[in-house]
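*Asks:* Would you mind keeping the following structure in view while I ask a few things?
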Amino acid sequence: MTNPQQWYYNTATGEVELGPQSPMQNRIGPYPTREAAMDALKTAQARNKQWDDEDHQWNSWGAK
């Protein structure tokens with residue numbers, strides 16, 4: 001069985017890479033497609049907002 005191609009977003013350069021080419025601390029991924037890796041920052045921003053909203057709901061539970 002072959003490994004599927006995985007894409008990464010390099011946070012230091014802003015470039016998309018096929019396979020883990022850069023140091024781990026500089027990459028986000030893996031993503032299944034180049035396009036998904038290109039949207040890595042948008043995806044992270046959306047997830048962070050969702051988690052912040054969930055934290056706010058949790059922390060304000062029962063407050064009037």
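By order in the structure tokens, chains are A, B, ...; within a chain, residues start at 1; ligands start at 1, following the order shown.
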Please return as an NGL selection string: the residues of chain A that backbone DSSP assigns to helix (DSSP H, G or I).

*Replies:* :A and (24-26 or 34-38 or 40-59)

*Asks:* Where in chain A does DSSP assign strand (DSSP E or B), given as JSON, numbers by chain?

*Replies:* {"A": [7, 8, 9, 10, 16, 17, 18, 27, 28, 29, 30, 31]}

*Asks:* With a distance cut-off of 10 Å and only C-alpha atoms, select the neighbouring residues of Ala36 of chain A, excluding the residue or stretch itself and same-chain residues fewer than 5 positions from it, and output the selection as an mmCIF file with N, CA and C atoms, in the first residue's frame.

*Replies:*
```
data_model
loop_
_atom_site.group_PDB
_atom_site.id
_atom_site.type_symbol
_atom_site.label_atom_id
_atom_site.label_comp_id
_atom_site.auth_asym_id
_atom_site.auth_seq_id
_atom_site.Cartn_x
_atom_site.Cartn_y
_atom_site.Cartn_z
ATOM 1 N N TRP A 7 0.075 17.345 1.916
ATOM 2 C CA TRP A 7 0.501 18.719 1.708
ATOM 3 C C TRP A 7 0.579 19.438 3.039
ATOM 4 N N TYR A 8 1.501 20.393 3.125
ATOM 5 C CA TYR A 8 1.711 21.169 4.340
ATOM 6 C C TYR A 8 1.798 22.645 3.983
ATOM 7 N N TYR A 9 1.407 23.478 4.939
ATOM 8 C CA TYR A 9 1.564 24.920 4.801
ATOM 9 C C TYR A 9 2.729 25.329 5.676
ATOM 10 N N VAL A 16 3.260 26.406 0.206
ATOM 11 C CA VAL A 16 2.699 25.067 0.358
ATOM 12 C C VAL A 16 3.755 24.071 -0.103
ATOM 13 N N GLY A 29 -0.316 20.937 9.057
ATOM 14 C CA GLY A 29 -0.763 19.863 8.185
ATOM 15 C C GLY A 29 -0.587 18.529 8.859
ATOM 16 N N PRO A 30 -0.805 17.500 8.145
ATOM 17 C CA PRO A 30 -0.938 17.399 6.694
ATOM 18 C C PRO A 30 -2.362 17.654 6.214
ATOM 19 N N TYR A 31 -2.457 18.004 4.948
ATOM 20 C CA TYR A 31 -3.729 18.199 4.254
ATOM 21 C C TYR A 31 -3.762 17.266 3.055
ATOM 22 N N LEU A 41 -4.439 28.678 6.930
ATOM 23 C CA LEU A 41 -4.627 29.766 7.892
ATOM 24 C C LEU A 41 -6.102 30.101 8.068
ATOM 25 N N LYS A 42 -6.878 30.049 6.993
ATOM 26 C CA LYS A 42 -8.324 30.286 7.103
ATOM 27 C C LYS A 42 -8.985 29.184 7.930
ATOM 28 N N THR A 43 -8.555 27.948 7.700
ATOM 29 C CA THR A 43 -9.095 26.812 8.457
ATOM 30 C C THR A 43 -8.766 26.963 9.939
#
```

*Asks:* When you draw a straight line from atom CA of Glu35 of chain A to atom CA of Gly14 of chain A, how long is it in Å?

*Replies:* 13.4 Å
